[in-house]
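Coordinates as given in start.txt (compact mmCIF, C-alpha atoms):
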```
# COMPACT_ATOMS: atom_id res chain seq x y z
CA MET B 19 -23.57 -12.51 -33.77
CA SER B 20 -21.25 -11.67 -30.84
CA ALA B 21 -21.04 -13.89 -27.77
CA PRO B 22 -22.90 -12.72 -24.68
CA LEU B 23 -20.88 -10.65 -22.25
CA THR B 24 -19.70 -12.68 -19.25
CA PRO B 25 -19.85 -10.69 -16.00
CA GLU B 26 -16.77 -10.41 -13.84
CA HIS B 27 -17.11 -11.42 -10.19
CA ALA B 28 -16.00 -9.75 -6.98
CA ASP B 29 -17.03 -9.87 -3.36
CA VAL B 30 -17.05 -6.08 -3.09
CA LEU B 31 -17.11 -3.45 -5.82
CA VAL B 32 -15.97 0.09 -5.02
CA VAL B 33 -17.12 2.92 -7.29
CA GLY B 34 -14.50 5.67 -7.35
CA ALA B 35 -10.75 5.49 -6.65
CA GLY B 36 -10.32 8.65 -4.62
CA PRO B 37 -8.92 8.51 -1.07
CA ALA B 38 -12.15 7.08 0.39
CA GLY B 39 -12.46 4.48 -2.36
CA LEU B 40 -8.86 3.32 -2.08
CA HIS B 41 -9.11 3.06 1.71
CA ALA B 42 -12.40 1.17 1.47
CA ALA B 43 -10.76 -1.23 -0.99
CA PHE B 44 -7.85 -1.75 1.39
CA TYR B 45 -10.04 -2.58 4.36
CA ALA B 46 -12.32 -4.95 2.45
CA ALA B 47 -9.35 -6.71 0.81
CA TRP B 48 -7.47 -6.84 4.12
CA ARG B 49 -10.46 -8.71 5.53
CA GLY B 50 -9.83 -11.35 2.84
CA LEU B 51 -12.43 -10.32 0.24
CA ASN B 52 -11.87 -9.96 -3.49
CA VAL B 53 -12.31 -6.29 -4.36
CA THR B 54 -12.73 -4.48 -7.66
CA VAL B 55 -12.43 -0.69 -7.87
CA LEU B 56 -13.92 1.19 -10.82
CA GLU B 57 -12.42 4.57 -11.68
CA ALA B 58 -13.67 6.76 -14.53
CA ARG B 59 -10.29 8.40 -15.13
CA HIS B 60 -7.05 6.92 -16.41
CA GLU B 61 -5.44 7.15 -12.96
CA PRO B 62 -6.57 6.72 -9.35
CA GLY B 63 -6.89 9.60 -6.93
CA GLY B 64 -10.09 11.45 -7.76
CA GLN B 65 -9.88 15.17 -7.04
CA LEU B 66 -6.41 14.86 -5.54
CA THR B 67 -4.78 13.79 -8.81
CA ALA B 68 -7.20 15.44 -11.26
CA LEU B 69 -7.44 18.89 -9.68
CA TYR B 70 -4.49 19.55 -7.37
CA PRO B 71 -1.82 16.80 -7.36
CA ASP B 72 0.89 19.41 -6.77
CA ARG B 73 -0.72 21.00 -3.71
CA ARG B 74 0.03 19.94 -0.16
CA VAL B 75 -2.73 18.55 2.04
CA TYR B 76 -2.59 18.68 5.80
CA ASP B 77 -5.45 16.57 7.20
CA VAL B 78 -4.26 13.06 6.33
CA PRO B 79 -3.26 11.25 9.54
CA GLY B 80 0.45 10.55 9.70
CA LEU B 81 1.30 12.40 6.46
CA PRO B 82 1.87 16.05 7.40
CA ALA B 83 2.09 18.62 4.60
CA THR B 84 2.16 15.97 1.89
CA PRO B 85 1.57 16.63 -1.84
CA ALA B 86 -1.81 15.25 -2.87
CA ALA B 87 -0.28 12.97 -5.49
CA ASP B 88 1.95 11.39 -2.83
CA VAL B 89 -1.06 10.74 -0.59
CA ILE B 90 -2.68 8.77 -3.41
CA ALA B 91 0.54 6.92 -4.21
CA ALA B 92 0.72 5.77 -0.58
CA LEU B 93 -2.92 4.61 -0.60
CA VAL B 94 -2.29 2.65 -3.80
CA ARG B 95 0.86 1.05 -2.34
CA GLN B 96 -1.20 -0.08 0.64
CA LEU B 97 -3.10 -2.37 -1.74
CA ASP B 98 0.07 -4.26 -2.68
CA GLY B 99 -0.29 -7.97 -1.98
CA LEU B 100 -4.04 -7.75 -1.38
CA PRO B 101 -6.83 -9.18 -3.60
CA ALA B 102 -7.83 -5.79 -5.01
CA GLN B 103 -7.93 -4.73 -8.66
CA LEU B 104 -8.14 -1.23 -10.10
CA HIS B 105 -10.13 -0.92 -13.32
CA LEU B 106 -9.28 2.48 -14.81
CA ASN B 107 -11.11 4.33 -17.58
CA THR B 108 -14.22 2.51 -16.40
CA LEU B 109 -17.40 4.45 -15.67
CA ALA B 110 -20.07 2.78 -13.51
CA ARG B 111 -23.58 3.37 -14.84
CA THR B 112 -26.22 0.82 -13.88
CA LEU B 113 -27.17 -1.11 -10.77
CA GLN B 114 -29.47 -4.14 -10.89
CA PRO B 115 -30.36 -6.80 -8.26
CA ASP B 116 -28.69 -10.13 -8.93
CA GLY B 117 -29.70 -12.90 -6.53
CA ASP B 118 -28.31 -12.02 -3.11
CA GLY B 119 -26.04 -9.38 -4.62
CA TRP B 120 -25.86 -6.84 -7.38
CA GLN B 121 -24.84 -6.48 -11.00
CA VAL B 122 -23.13 -3.23 -11.90
CA GLY B 123 -22.93 -2.18 -15.54
CA ALA B 124 -20.07 0.03 -16.68
CA ILE B 125 -18.41 1.42 -19.77
CA GLY B 126 -14.74 0.45 -19.91
CA PRO B 127 -11.90 1.13 -22.33
CA HIS B 128 -13.07 -1.73 -24.55
CA GLY B 129 -16.83 -1.21 -24.26
CA PRO B 130 -19.55 -2.41 -21.88
CA GLN B 131 -18.57 -4.33 -18.75
CA HIS B 132 -20.69 -6.11 -16.15
CA TYR B 133 -19.73 -7.04 -12.60
CA ARG B 134 -21.56 -9.48 -10.32
CA VAL B 135 -20.79 -8.53 -6.72
CA GLY B 136 -21.91 -9.22 -3.20
CA ALA B 137 -21.77 -5.60 -2.06
CA VAL B 138 -21.18 -2.15 -3.50
CA ILE B 139 -19.42 0.77 -1.80
CA LEU B 140 -20.17 4.07 -3.49
CA THR B 141 -17.27 6.52 -3.09
CA ALA B 142 -17.78 8.65 -6.17
CA GLY B 143 -17.12 11.96 -4.41
CA LEU B 144 -18.43 14.91 -6.38
CA GLY B 145 -18.92 12.60 -9.36
CA ALA B 146 -16.91 11.17 -12.21
CA LEU B 147 -14.29 13.76 -13.17
CA LEU B 148 -14.77 14.12 -16.91
CA PRO B 149 -12.58 16.28 -19.16
CA ARG B 150 -13.76 19.79 -19.95
CA GLU B 151 -15.04 20.18 -23.47
CA ALA B 152 -12.61 21.65 -26.00
CA ARG B 153 -14.19 24.70 -27.62
CA VAL B 154 -11.70 25.74 -30.24
CA PRO B 155 -12.55 26.95 -33.74
CA GLY B 156 -11.35 25.04 -36.74
CA THR B 157 -11.11 21.37 -37.63
CA HIS B 158 -8.41 18.79 -37.00
CA PRO B 159 -8.63 15.00 -37.42
CA ASP B 160 -7.39 14.17 -33.88
CA VAL B 161 -8.28 16.57 -31.06
CA ARG B 162 -8.43 15.01 -27.58
CA THR B 163 -9.36 16.33 -24.14
CA ASP B 164 -7.81 13.74 -21.83
CA VAL B 165 -4.40 12.21 -21.31
CA PRO B 166 -3.86 9.25 -23.67
CA ASP B 167 -1.77 6.14 -23.30
CA PRO B 168 1.73 7.30 -24.34
CA ALA B 169 2.16 4.11 -26.38
CA ASP B 170 -0.65 5.25 -28.68
CA LEU B 171 1.27 8.37 -29.78
CA VAL B 172 4.81 7.10 -30.29
CA GLY B 173 6.42 8.87 -33.23
CA ARG B 174 3.57 11.36 -33.63
CA ARG B 175 3.77 15.14 -33.46
CA VAL B 176 1.72 16.13 -30.41
CA LEU B 177 0.66 19.62 -29.44
CA ILE B 178 -0.39 19.89 -25.77
CA VAL B 179 -2.39 22.96 -24.78
CA GLY B 180 -2.85 23.68 -21.05
CA GLY B 181 -1.17 24.66 -17.82
CA VAL B 182 -2.77 22.07 -15.52
CA PRO B 183 -0.55 19.44 -13.87
CA GLN B 184 -1.81 16.79 -16.31
CA ALA B 185 -0.39 18.83 -19.21
CA THR B 186 3.07 18.90 -17.65
CA ARG B 187 2.95 15.20 -16.88
CA ALA B 188 1.62 14.30 -20.33
CA ALA B 189 4.37 16.29 -22.02
CA LEU B 190 7.07 14.44 -20.09
CA GLU B 191 5.53 11.00 -20.52
CA LEU B 192 4.84 11.41 -24.24
CA ALA B 193 8.29 12.81 -24.93
CA GLN B 194 9.88 9.93 -23.04
CA ALA B 195 7.77 7.47 -25.04
CA GLY B 196 9.03 8.89 -28.33
CA ALA B 197 6.46 11.48 -29.38
CA GLN B 198 7.51 14.87 -30.75
CA VAL B 199 5.95 17.14 -28.14
CA THR B 200 5.16 20.83 -28.14
CA LEU B 201 3.71 22.18 -24.88
CA THR B 202 1.93 25.53 -24.83
CA HIS B 203 -0.08 27.64 -22.41
CA ARG B 204 -1.46 31.17 -22.31
CA ARG B 205 0.74 31.92 -19.29
CA ALA B 206 4.47 31.40 -18.89
CA GLY B 207 4.17 29.12 -15.87
CA PHE B 208 3.05 25.50 -15.67
CA ARG B 209 1.77 23.49 -12.73
CA GLY B 210 3.24 20.24 -11.44
CA SER B 211 5.34 18.81 -8.65
CA PRO B 212 8.80 20.35 -8.15
CA ALA B 213 10.36 17.22 -9.64
CA GLU B 214 8.09 17.39 -12.70
CA LEU B 215 8.79 21.09 -13.26
CA ASP B 216 12.55 20.45 -12.98
CA ALA B 217 12.22 17.58 -15.46
CA LEU B 218 10.27 19.85 -17.83
CA LYS B 219 13.05 22.45 -17.77
CA ALA B 220 15.67 19.76 -18.35
CA ALA B 221 13.73 18.23 -21.24
CA GLN B 222 13.28 21.63 -22.84
CA ALA B 223 16.98 22.48 -22.44
CA GLY B 224 17.96 19.08 -23.84
CA GLY B 225 15.70 19.39 -26.88
CA GLN B 226 13.45 16.47 -25.92
CA LEU B 227 10.39 18.72 -26.19
CA THR B 228 9.42 22.29 -27.15
CA VAL B 229 7.72 24.78 -24.83
CA LEU B 230 5.87 27.77 -26.26
CA ALA B 231 4.62 30.02 -23.47
CA PRO B 232 3.03 32.44 -23.09
CA ALA B 233 1.05 31.65 -26.20
CA VAL B 234 -2.57 31.79 -27.35
CA LEU B 235 -4.27 29.02 -29.32
CA LEU B 236 -6.25 30.73 -32.10
CA ASN B 237 -7.64 27.71 -33.93
CA VAL B 238 -6.84 24.19 -35.00
CA THR B 239 -6.17 23.39 -38.65
CA PRO B 240 -6.19 20.14 -40.62
CA THR B 241 -2.41 19.90 -40.12
CA GLY B 242 -1.95 21.38 -36.66
CA ALA B 243 -2.83 24.66 -34.98
CA ALA B 244 -2.41 28.42 -35.32
CA LEU B 245 -1.00 30.24 -32.28
CA THR B 246 0.34 33.61 -31.32
CA VAL B 247 3.61 33.36 -29.39
CA ASP B 248 4.71 36.57 -27.71
CA GLY B 249 2.20 38.31 -29.93
CA GLN B 250 3.60 36.84 -33.15
CA PRO B 251 1.62 34.38 -35.33
CA ARG B 252 2.99 30.87 -35.53
CA ASP B 253 1.76 27.66 -37.14
CA VAL B 254 2.55 24.47 -35.23
CA PRO B 255 2.28 21.18 -37.12
CA ALA B 256 0.65 18.39 -35.12
CA ASP B 257 -0.78 14.94 -35.78
CA THR B 258 -2.59 15.04 -32.42
CA VAL B 259 -3.79 18.03 -30.41
CA LEU B 260 -4.37 17.55 -26.66
CA ILE B 261 -6.43 20.34 -25.10
CA LEU B 262 -6.17 19.78 -21.35
CA ASN B 263 -8.37 22.23 -19.43
CA GLY B 264 -8.99 20.20 -16.29
CA TYR B 265 -12.08 18.27 -15.27
CA LEU B 266 -15.68 18.78 -14.21
CA PRO B 267 -17.53 16.45 -11.81
CA ASP B 268 -20.55 14.56 -13.14
CA LEU B 269 -22.85 12.50 -10.91
CA THR B 270 -25.41 11.70 -13.60
CA PRO B 271 -24.00 8.22 -14.36
CA VAL B 272 -25.04 7.01 -10.86
CA GLN B 273 -27.86 9.39 -9.95
CA GLY B 274 -30.31 6.99 -11.56
CA TRP B 275 -29.57 4.45 -8.83
CA PRO B 276 -32.59 4.28 -6.45
CA LEU B 277 -30.85 5.62 -3.35
CA ASP B 278 -33.31 8.37 -2.29
CA TRP B 279 -30.85 11.04 -3.30
CA GLN B 280 -30.87 14.35 -1.44
CA GLY B 281 -29.39 16.58 -4.11
CA GLU B 282 -25.77 15.52 -4.42
CA TYR B 283 -25.88 13.36 -1.28
CA VAL B 284 -26.91 9.76 -0.60
CA PRO B 285 -28.68 9.24 2.76
CA ASP B 286 -26.76 6.77 4.92
CA GLY B 287 -27.31 5.04 8.21
CA THR B 288 -25.09 3.03 10.52
CA GLY B 289 -22.02 1.68 8.75
CA GLY B 290 -22.71 3.69 5.60
CA ARG B 291 -25.79 1.62 4.77
CA THR B 292 -28.08 3.05 2.11
CA THR B 293 -31.72 2.21 1.40
CA LEU B 294 -30.51 -0.76 -0.69
CA SER B 295 -29.30 -3.86 1.13
CA GLY B 296 -25.64 -4.46 0.36
CA VAL B 297 -25.03 -0.96 -1.03
CA PHE B 298 -22.94 1.38 1.12
CA VAL B 299 -21.71 4.95 0.75
CA ALA B 300 -18.68 6.82 2.11
CA GLY B 301 -16.85 10.07 1.55
CA ASP B 302 -18.23 13.26 0.04
CA LEU B 303 -21.37 11.49 -1.22
CA ALA B 304 -22.52 10.39 2.23
CA ALA B 305 -25.21 12.66 3.67
CA SER B 306 -24.01 11.96 7.21
CA GLY B 307 -20.81 13.90 6.50
CA GLN B 308 -22.84 17.00 5.62
CA ASP B 309 -20.44 19.72 4.45
CA PHE B 310 -17.36 18.13 6.06
CA LYS B 311 -15.71 17.33 2.72
CA LEU B 312 -12.46 16.35 4.40
CA ILE B 313 -10.08 13.53 3.52
CA SER B 314 -9.86 12.46 7.16
CA VAL B 315 -13.65 12.18 7.40
CA GLY B 316 -13.84 10.19 4.16
CA LEU B 317 -11.15 7.77 5.30
CA ALA B 318 -13.01 7.06 8.54
CA GLN B 319 -16.33 6.54 6.75
CA ALA B 320 -14.63 4.27 4.21
CA ALA B 321 -13.15 2.02 6.89
CA VAL B 322 -16.51 1.67 8.65
CA ALA B 323 -18.43 1.04 5.41
CA ALA B 324 -15.88 -1.53 4.22
CA ASN B 325 -16.12 -3.55 7.42
CA HIS B 326 -19.91 -3.52 7.32
CA ALA B 327 -19.76 -4.59 3.66
CA ALA B 328 -17.39 -7.42 4.61
CA HIS B 329 -19.86 -8.68 7.21
CA HIS B 330 -22.70 -8.36 4.69
CA VAL B 331 -20.90 -10.52 2.14
CA ARG B 332 -19.40 -12.92 4.69
CA PRO B 333 -21.55 -13.05 7.85
CA ASP B 334 -18.82 -15.13 9.49
CA LEU B 335 -16.63 -12.02 9.43
CA ARG B 336 -17.40 -9.76 12.35
CA VAL B 337 -18.02 -6.10 11.62
CA ARG B 338 -15.23 -5.06 13.97
CA PRO B 339 -11.96 -6.11 12.38
CA GLY B 340 -9.76 -5.97 15.45
CA HIS B 341 -6.43 -4.19 15.57
CA SER B 342 -4.24 -4.35 12.49
CA SER B 343 -1.16 -4.80 14.68
CA GLU B 344 -2.52 -8.18 15.72
CA LYS B 345 -2.63 -9.51 12.17
CA ARG B 346 -0.23 -10.18 9.36
CA LEU B 347 -0.72 -9.87 5.63
CA SER B 348 -0.19 -13.24 3.97
```
With the file now loaded, output its structure as structure tokens.
Amino acid sequence: MSAPLTPEHADVLVVGAGPAGLHAAFYAAWRGLNVTVLEARHEPGGQLTALYPDRRVYDVPGLPATPAADVIAALVRQLDGLPAQLHLNTLARTLQPDGDGWQVGAIGPHGPQHYRVGAVILTAGLGALLPREARVPGTHPDVRTDVPDPADLVGRRVLIVGGVPQATRAALELAQAGAQVTLTHRRAGFRGSPAELDALKAAQAGGQLTVLAPAVLLNVTPTGAALTVDGQPRDVPADTVLILNGYLPDLTPVQGWPLDWQGEYVPDGTGGRTTLSGVFVAGDLAASGQDFKLISVGLAQAAVAANHAAHHVRPDLRVRPGHSSEKRLS
């Protein structure tokens, strides 16, 4: 019989590591609280890293015309030295009262997790971004739809199918880790940052990986996959097949929380308060933002919600944090 699961503790738990979630985590941690951030994907950033990391965004204060991936990198760096932890590959599912706080149940990379927290800030955006289903005929012992840990595939033959930025990045990371990588897509071009696309060309020229494009995946086989490359049939041996077709948002893991949902929105009052004491909402989920699904709006809501959450957990902390220029990070 296994030992009972011991919950982890945090003052504030943030659900979703998009821009709003990362900024909420910064403000709560900057106020001196211990913060845990749960993110369903293997990397922070939400839509910015999952859907368009290579595109420039223009509405982030102080970062004009900045690639989305760089915006997220800056928000993550802002957490350096603060009591904030990112738990990746962790999907929040349940919310239960626990004394004066809450217990959040989640599924993590090693199974169920439980977190006892004083306050929750819900910044799940459009929902957990889950990989699109792979609908390919045939059978293969190892077909995956999301980017794996490169260490898991060292020395293996890996076929990557897709033109999304994650496919480019996965090809580079897996090849660098020691996998034998073949990257293919139905079109000749791939997406990624300029640096990643330059690195892809260099790796291809140097023989570190193989690129087959344009190509069409016909079916997987027990030993790899059958493709047509420039109209000619070709069998590609592979121990692992990664079919990376992007992500679809899914709110169902948290829509069972009793928050008086209005469709895809959570009603919120002053400070991002919801109908549950100690549960706050910010970003695209907040009904107060209506259709203003803007990064700048989400950042503002996140800062306000985080400071109200800080006061909820520690009443000695005033809601208004004062000016950051008047304080120092210890």
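Distances from B:Arg59, B:Thr288, B:Thr293, B:Ala91 to B:Gly126 were compared using only C-alpha atoms, and the smallest one belongs to B:Arg59.
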One-decimal distance in Å that lies between atom CA of B:Gly290 and atom CA of B:Leu81: 25.6 Å
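Of the listed residues (B:Ala217, B:Val89, B:Val78, B:Leu201), B:Val78 comes nearest to B:Val315; the distances count all atoms listed in the file.
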Could you please determine the separation between atom CA of B:Pro267 and atom CA of B:Leu218 in Å, to one decimal place? 28.6 Å
Residues of stretch 62-118 of chain B at most 12 Å from stretch 160-176 of chain B: nearest atom pair and distance in Å, all atoms listed in the file, as a tab-separated table:
```
residue	atom	partner	partner_atom	distance
B:Ala68	CA	B:Asp164	CA	10.7
B:Leu106	CA	B:Asp167	CA	11.9
B:Asn107	CA	B:Pro166	CA	10.7
```
Write a file of the selected residues as a CSV table (one decimal), in the coordinates of the input, keeping C-alpha atoms.
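Written output follows (out20.csv):
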```csv
chain,number,residue,atom,x,y,z
B,68,ALA,CA,-7.2,15.4,-11.3
B,106,LEU,CA,-9.3,2.5,-14.8
B,107,ASN,CA,-11.1,4.3,-17.6
```
Where does stretch 265-298 of chain B meet stretch 133-142 of chain B within 9 Å, residue by residue, with the nearest atom pair and distance in Å to one decimal for each, counting all atoms listed in the file, listed by chain and rising number, as a Markdown table?
```
| residue | atom | partner | partner_atom | distance |
| --- | --- | --- | --- | --- |
| B:Leu269 | CA | B:Ala142 | CA | 7.9 |
| B:Val272 | CA | B:Ala142 | CA | 8.8 |
| B:Gly290 | CA | B:Ile139 | CA | 8.6 |
| B:Ser295 | CA | B:Ala137 | CA | 8.4 |
| B:Gly296 | CA | B:Ala137 | CA | 4.7 |
| B:Val297 | CA | B:Val138 | CA | 4.7 |
| B:Phe298 | CA | B:Ile139 | CA | 4.6 |
```
Output the selection as a PDB file, keeping the file's coordinate frame - C-alpha atoms for each residue.
```
ATOM      1  CA  LEU B 269     -22.850  12.500 -10.910  1.00  0.00           C
ATOM      2  CA  VAL B 272     -25.040   7.010 -10.860  1.00  0.00           C
ATOM      3  CA  GLY B 290     -22.710   3.690   5.600  1.00  0.00           C
ATOM      4  CA  SER B 295     -29.300  -3.860   1.130  1.00  0.00           C
ATOM      5  CA  GLY B 296     -25.640  -4.460   0.360  1.00  0.00           C
ATOM      6  CA  VAL B 297     -25.030  -0.960  -1.030  1.00  0.00           C
ATOM      7  CA  PHE B 298     -22.940   1.380   1.120  1.00  0.00           C
TER       8      PHE B 298
END
```
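Distance-wise, atom CA of B:Gly210 and atom CA of B:Gly264 end up 13.2 Å apart.
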